[in-house]
Amino acid sequence: MPRPYVLLSAAVSLDGYLDDTGPERLLLSGPADFDRVDEVRAASDAILVGAGTLRTDNPRLLVNSAERRAARVAGGRPEYPLKVTVSGSGELDPAAQFWHTGGEKVLYTSDEGARRASELLGGIVGVDVVATGPRLDWRVLLEHLHDVRGVRRLMVEGGGKVHTQLMREQLADELQLAVAPLFVGQPDAPRLFGPGDYPPGRLRIEETRPVGDIVLIRYVPTAPGTGPHAAAADRRWLELACELAGLCPPSQTAFSVGAVVVAADGTELARGHSREGGDPAVHAEEAALAKIDPADPRLATATVYSSLEPCAHRASRPVPCARHILDAGVRRVVTAWREPDTFVTDADGNGLLAAAGADVVVLPEYADRAQAPNRHLPTR
């Protein structure tokens with residue numbers, strides 16, 4: 001499922017609150033951080049907030065800088081990013097500023113919510129109401145934004161319920177957290193993330209920097225997905241596998257492939273690439289798995305990322321990579337490119353894996369990166 005890059009943006013107190021319980025909105029950010037947020041908005045194709053944020057904050061969600069708006073137009077983009085909101089019920093105030101400022105808007109809701117929203121919002125120009133099924137479905141929403149609305153970068157500004165859902169469903173590619181130097185200390189005040197089952201492991205820090213008296217922290221997820229659905233971290237690990245393919249010594253008789261083995265908590269167990277260490281016959285998955293203790297209990301819940309579909313047949317050695325993966329106990333594989341009939345006819349490593357009960361996730365949007373170090377090879 002191709003989808004936008006999803007960036008969660010929030011400002012919190014030192015003790016993790018989004019606001020206090022007072023009647024007025026607590027301003028956690030200062031002028032420098034407001035300007036940074038405006039810059040992030042201008043770089044986005046769409047900005048999303050939940051219905052709760054619309055009701056409590058009545059935001060406009062605009063790019064405030066005239067220079068940044070002009071730069072968007074000069075680059076062939078709309079003056080304002082697409083404004084997006086979500087509501088399961090469709091019960092939204094038609095007088096909210098969201099609907100009457102900026103450019104185009106879209107509401108994603110349930111089937112029943114769409115009927116109610118159409119009654120409430122039907123008279124407002126430039127508002128699209130999209131039903132995602134019996135309930136609000138984030139995967140359908142993101143696919144629609146990508147395929148129908150052309151959104152490649154989505155900024156999510158809240159609230160806490162929306163951020164929680166996207167993190168729990170492993171659909172957030174990045175978290176930008178602005179930490180304000182104050183405490184709230186009110187147990188009934190809203191927090192950034194609510195309780196629930198989150199992906200295991202630690203996020204990886206990408207950047208920290210002061211913005212006025214705020215500290216900006218950028219995190220990215222590391223934990224692989226589970227089952228047949230692609231998680232945000234799956235894309236990042238597959239990108240690494242494609243980069244590793246570029247390290248392969250060129251060959252006229254074999255593909256250049258990269259592979260990474262990652263534990264369920266996001267710990268990298270091993271990586272490898274074709275012809276690694278001067279071995280002209282070794283394959284990427286084979287090289288990576290050989291570096292892991294076969295008794296490592298993490299293999300049973302690990303994911304193998306391979307830029308090319310693991311081989312089901314090979315001439316150089318008796319055991320193909322798909323069998324190496326299964327013998328190691330791994331039952332989840334993410335790959336970018338189906339093996340063409342260049343060296344082996346009717347290659348179907350993914351089919352071998354699936355027949356043995358493994359979950360196989362193919363992300364064809366990364367096929368070009370996987371093919372790049374192999375463009376010198378003949379095709380059939």
# chains A, B, ... in the order shown; residues from 1 in each chain; ligands from 1
>>> residues_around(residues="stretch 237-243 of chain A", least_positions_apart="4", cutoff="8 Å", atoms="only C-alpha atoms", output="ChimeraX atom specification")
/A:233,247,257-260,305-307,334-336,366,369-370
>>> closest_atom_pairs(of="stretch 28-72 of chain A", to="stretch 134-150 of chain A", cutoff="12 Å", atoms="only C-alpha atoms", output="tab-separated table")
residue	atom	partner	partner_atom	distance
A:Ser44	CA	A:Gly150	CA	11.6
A:Asp45	CA	A:Gly150	CA	8.2
A:Ala46	CA	A:Leu145	CA	8.8
A:Ile47	CA	A:Leu145	CA	11.2
A:Leu48	CA	A:Leu145	CA	11.0
A:Gly50	CA	A:Leu136	CA	11.7
>>> select_by_dssp(residues="stretch 180-235 of chain A", states="alpha helix (DSSP H)", output="list in words")
Ala232, Ala233, Asp234 and Arg235 of chain A
>>> write_last_selection(atoms="N, CA, C and O atoms", output="PDB file, in the first residue's frame")
ATOM      1  N   ALA A 232       5.597   1.509   9.400  1.00  0.00           N
ATOM      2  CA  ALA A 232       6.483   2.600   8.993  1.00  0.00           C
ATOM      3  C   ALA A 232       7.935   2.160   9.032  1.00  0.00           C
ATOM      4  O   ALA A 232       8.712   2.458   8.121  1.00  0.00           O
ATOM      5  N   ALA A 233       8.331   1.439  10.079  1.00  0.00           N
ATOM      6  CA  ALA A 233       9.728   1.013  10.200  1.00  0.00           C
ATOM      7  C   ALA A 233      10.118   0.013   9.111  1.00  0.00           C
ATOM      8  O   ALA A 233      11.288  -0.073   8.738  1.00  0.00           O
ATOM      9  N   ASP A 234       9.146  -0.753   8.608  1.00  0.00           N
ATOM     10  CA  ASP A 234       9.455  -1.689   7.518  1.00  0.00           C
ATOM     11  C   ASP A 234      10.051  -0.947   6.326  1.00  0.00           C
ATOM     12  O   ASP A 234      10.976  -1.430   5.672  1.00  0.00           O
ATOM     13  N   ARG A 235       9.524   0.212   6.035  1.00  0.00           N
ATOM     14  CA  ARG A 235      10.014   0.989   4.897  1.00  0.00           C
ATOM     15  C   ARG A 235      11.444   1.466   5.137  1.00  0.00           C
ATOM     16  O   ARG A 235      12.283   1.432   4.235  1.00  0.00           O
TER      17      ARG A 235
END
>>> select_by_dssp(residues="stretch 24-242 of chain A", states="strand (DSSP E)", output="PyMOL selection string")
chain A and resi 46-50+82-87+105-109+127-131+153-156+174-179+204-211+214-220
>>> closest_residue(among="A:Ala11, A:Ala290, A:Leu166, A:Leu18", to="A:Ala189", atoms="only C-alpha atoms")
A:Leu18
>>> closest_residue(among="A:Arg202, A:Arg375, A:Arg317, A:His100", to="A:Ala264", atoms="only C-alpha atoms")
A:Arg202
>>> residues_around(residues="A:Ala32", least_positions_apart="3", cutoff="6 Å", atoms="only C-alpha atoms", output="PyMOL selection string")
chain A and resi 35+211-212
>>> write_last_selection(atoms="all heavy atoms", output="CSV table (one decimal), in the first residue's frame")
chain,number,residue,atom,x,y,z
A,35,ASP,N,7.2,29.5,14.3
A,35,ASP,CA,7.8,29.7,12.9
A,35,ASP,C,8.3,28.4,12.4
A,35,ASP,O,8.1,28.1,11.2
A,35,ASP,CB,8.9,30.8,13.0
A,35,ASP,CG,9.4,31.1,11.6
A,35,ASP,OD1,8.6,31.7,10.8
A,35,ASP,OD2,10.6,30.8,11.3
A,211,VAL,N,15.1,25.4,20.0
A,211,VAL,CA,14.3,26.4,19.2
A,211,VAL,C,13.8,27.4,20.2
A,211,VAL,O,12.7,27.2,20.8
A,211,VAL,CB,13.2,25.7,18.4
A,211,VAL,CG1,12.5,26.7,17.5
A,211,VAL,CG2,13.7,24.5,17.6
A,212,GLY,N,14.4,28.5,20.3
A,212,GLY,CA,14.1,29.4,21.4
A,212,GLY,C,14.3,28.7,22.7
A,212,GLY,O,15.4,28.1,22.9
>>> residues_around(residues="A:Pro249", least_positions_apart="2", cutoff="10 Å", atoms="only C-alpha atoms", output="list of chain:residue names")
A:Ala245, A:Gly246, A:Leu247, A:Ser251, A:Phe255, A:Ser256, A:His273, A:Ser274, A:Arg275, A:Glu276, A:Gly277, A:Gly278, A:Pro280, A:Pro373
>>> residues_around(residues="A:Asp296", least_positions_apart="3", cutoff="10 Å", atoms="only C-alpha atoms", output="ChimeraX atom specification")
/A:269,292-293,299-300,328-329
>>> write_last_selection(atoms="C-alpha atoms", output="tab-separated table (two decimals), in the first residue's frame")
chain	number	residue	atom	x	y	z
A	269	LEU	CA	20.59	-8.63	14.29
A	292	ILE	CA	23.43	-14.90	13.81
A	293	ASP	CA	23.55	-17.73	16.34
A	299	LEU	CA	14.77	-15.27	15.08
A	300	ALA	CA	11.27	-16.70	15.57
A	328	ALA	CA	16.37	-20.15	10.64
A	329	GLY	CA	12.83	-19.99	12.01
>>> residues_around(residues="A:Asp93", least_positions_apart="3", cutoff="10 Å", atoms="only C-alpha atoms", output="NGL selection string")
:A and (51 or 54-55 or 58 or 90 or 96-99 or 117 or 120-121)
>>> residues_around(residues="A:Leu289", least_positions_apart="2", cutoff="9 Å", atoms="only C-alpha atoms", output="ChimeraX atom specification")
/A:260-261,269-272,284-287,291-294,324-325,328
>>> write_last_selection(atoms="N, CA, C and O atoms", output="mmCIF file, in the first residue's frame")
data_model
loop_
_atom_site.group_PDB
_atom_site.id
_atom_site.type_symbol
_atom_site.label_atom_id
_atom_site.label_comp_id
_atom_site.auth_asym_id
_atom_site.auth_seq_id
_atom_site.Cartn_x
_atom_site.Cartn_y
_atom_site.Cartn_z
ATOM 1 N N VAL A 260 18.780 -7.316 5.550
ATOM 2 C CA VAL A 260 18.914 -6.979 6.969
ATOM 3 C C VAL A 260 17.961 -7.880 7.752
ATOM 4 O O VAL A 260 16.827 -8.113 7.323
ATOM 5 N N VAL A 261 18.422 -8.372 8.896
ATOM 6 C CA VAL A 261 17.581 -9.168 9.792
ATOM 7 C C VAL A 261 17.346 -8.333 11.047
ATOM 8 O O VAL A 261 18.301 -7.892 11.689
ATOM 9 N N LEU A 269 19.841 -7.426 13.941
ATOM 10 C CA LEU A 269 20.586 -8.630 14.287
ATOM 11 C C LEU A 269 21.766 -8.856 13.361
ATOM 12 O O LEU A 269 22.821 -9.319 13.805
ATOM 13 N N ALA A 270 21.609 -8.555 12.090
ATOM 14 C CA ALA A 270 22.699 -8.733 11.126
ATOM 15 C C ALA A 270 22.304 -8.121 9.803
ATOM 16 O O ALA A 270 21.124 -7.912 9.516
ATOM 17 N N ARG A 271 23.313 -7.856 8.993
ATOM 18 C CA ARG A 271 23.087 -7.384 7.637
ATOM 19 C C ARG A 271 24.070 -8.084 6.715
ATOM 20 O O ARG A 271 25.108 -8.589 7.154
ATOM 21 N N GLY A 272 23.771 -8.101 5.425
ATOM 22 C CA GLY A 272 24.666 -8.726 4.468
ATOM 23 C C GLY A 272 24.348 -8.272 3.060
ATOM 24 O O GLY A 272 23.312 -7.653 2.806
ATOM 25 N N ALA A 284 22.774 -12.435 -0.269
ATOM 26 C CA ALA A 284 22.641 -11.444 0.805
ATOM 27 C C ALA A 284 21.993 -12.036 2.049
ATOM 28 O O ALA A 284 22.500 -11.870 3.170
ATOM 29 N N GLU A 285 20.856 -12.716 1.889
ATOM 30 C CA GLU A 285 20.162 -13.281 3.042
ATOM 31 C C GLU A 285 21.016 -14.346 3.719
ATOM 32 O O GLU A 285 21.069 -14.425 4.957
ATOM 33 N N GLU A 286 21.671 -15.140 2.902
ATOM 34 C CA GLU A 286 22.564 -16.183 3.420
ATOM 35 C C GLU A 286 23.701 -15.568 4.241
ATOM 36 O O GLU A 286 24.027 -16.036 5.335
ATOM 37 N N ALA A 287 24.287 -14.488 3.735
ATOM 38 C CA ALA A 287 25.391 -13.831 4.434
ATOM 39 C C ALA A 287 24.933 -13.238 5.761
ATOM 40 O O ALA A 287 25.631 -13.319 6.773
ATOM 41 N N LYS A 291 25.592 -14.765 10.247
ATOM 42 C CA LYS A 291 26.207 -13.988 11.336
ATOM 43 C C LYS A 291 25.427 -14.102 12.647
ATOM 44 O O LYS A 291 25.842 -13.527 13.656
ATOM 45 N N ILE A 292 24.297 -14.797 12.636
ATOM 46 C CA ILE A 292 23.432 -14.898 13.809
ATOM 47 C C ILE A 292 23.503 -16.303 14.374
ATOM 48 O O ILE A 292 23.470 -17.288 13.632
ATOM 49 N N ASP A 293 23.588 -16.433 15.679
ATOM 50 C CA ASP A 293 23.551 -17.728 16.343
ATOM 51 C C ASP A 293 22.225 -18.409 15.999
ATOM 52 O O ASP A 293 21.152 -17.844 16.254
ATOM 53 N N PRO A 294 22.249 -19.595 15.408
ATOM 54 C CA PRO A 294 20.996 -20.270 15.040
ATOM 55 C C PRO A 294 20.066 -20.494 16.229
ATOM 56 O O PRO A 294 18.857 -20.670 16.040
ATOM 57 N N HIS A 324 16.889 -21.035 3.529
ATOM 58 C CA HIS A 324 17.718 -20.561 4.647
ATOM 59 C C HIS A 324 16.873 -19.784 5.651
ATOM 60 O O HIS A 324 17.021 -19.939 6.873
ATOM 61 N N ILE A 325 15.985 -18.940 5.148
ATOM 62 C CA ILE A 325 15.137 -18.123 6.017
ATOM 63 C C ILE A 325 14.207 -19.009 6.841
ATOM 64 O O ILE A 325 14.075 -18.847 8.062
ATOM 65 N N ALA A 328 15.965 -20.988 9.506
ATOM 66 C CA ALA A 328 16.371 -20.152 10.642
ATOM 67 C C ALA A 328 15.209 -19.879 11.589
ATOM 68 O O ALA A 328 15.420 -19.359 12.692
#
>>> closest_residue(among="A:Leu27, A:Ala367, A:Val6, A:Ile214", to="A:Val184", atoms="only C-alpha atoms")
A:Leu27
>>> atom_distance(atom1="atom CA of A:Glu39", atom2="atom CA of A:Gly102")
16.0 Å
>>> closest_residue(among="A:Ala42, A:Val37, A:Ala372, A:Leu14", to="A:Gly75", atoms="only C-alpha atoms")
A:Ala42
>>> closest_residue(among="A:Cys311, A:Asp33, A:Pro320, A:Val333", to="A:Asp348", atoms="only C-alpha atoms")
A:Cys311
>>> closest_residue(among="A:Ala43, A:Val304, A:Val125, A:Ala322", to="A:Leu352", atoms="only C-alpha atoms")
A:Ala322
>>> decode(residues="stretch 113-142 of chain A", atoms="C-alpha atoms", output="short mmCIF file (atom, residue, chain, number, x, y, z; two decimals), in the first residue's frame")
data_model
loop_
_atom_site.label_atom_id
_atom_site.label_comp_id
_atom_site.auth_asym_id
_atom_site.auth_seq_id
_atom_site.Cartn_x
_atom_site.Cartn_y
_atom_site.Cartn_z
CA GLY A 113 -20.52 9.53 9.63
CA ALA A 114 -20.43 10.42 5.93
CA ARG A 115 -24.20 10.63 5.81
CA ARG A 116 -24.30 12.93 8.84
CA ALA A 117 -21.38 15.08 7.64
CA SER A 118 -22.93 15.52 4.21
CA GLU A 119 -26.01 16.99 5.89
CA LEU A 120 -23.94 19.36 8.02
CA LEU A 121 -21.22 20.37 5.54
CA GLY A 122 -22.96 19.97 2.20
CA GLY A 123 -23.28 23.70 1.64
CA ILE A 124 -19.59 24.49 2.10
CA VAL A 125 -17.54 24.82 -1.12
CA GLY A 126 -14.31 22.84 -1.43
CA VAL A 127 -15.05 20.16 1.18
CA ASP A 128 -14.75 16.49 0.24
CA VAL A 129 -16.32 13.85 2.52
CA VAL A 130 -14.79 10.37 2.16
CA ALA A 131 -16.13 7.24 3.88
CA THR A 132 -13.55 4.55 4.72
CA GLY A 133 -16.03 1.81 5.64
CA PRO A 134 -18.07 0.85 8.71
CA ARG A 135 -15.43 2.55 10.87
CA LEU A 136 -12.66 5.04 10.33
CA ASP A 137 -9.83 3.03 8.74
CA TRP A 138 -6.41 4.71 8.81
CA ARG A 139 -4.92 2.48 6.12
CA VAL A 140 -7.75 3.24 3.70
CA LEU A 141 -7.41 6.93 4.58
CA LEU A 142 -3.67 7.02 3.87
#
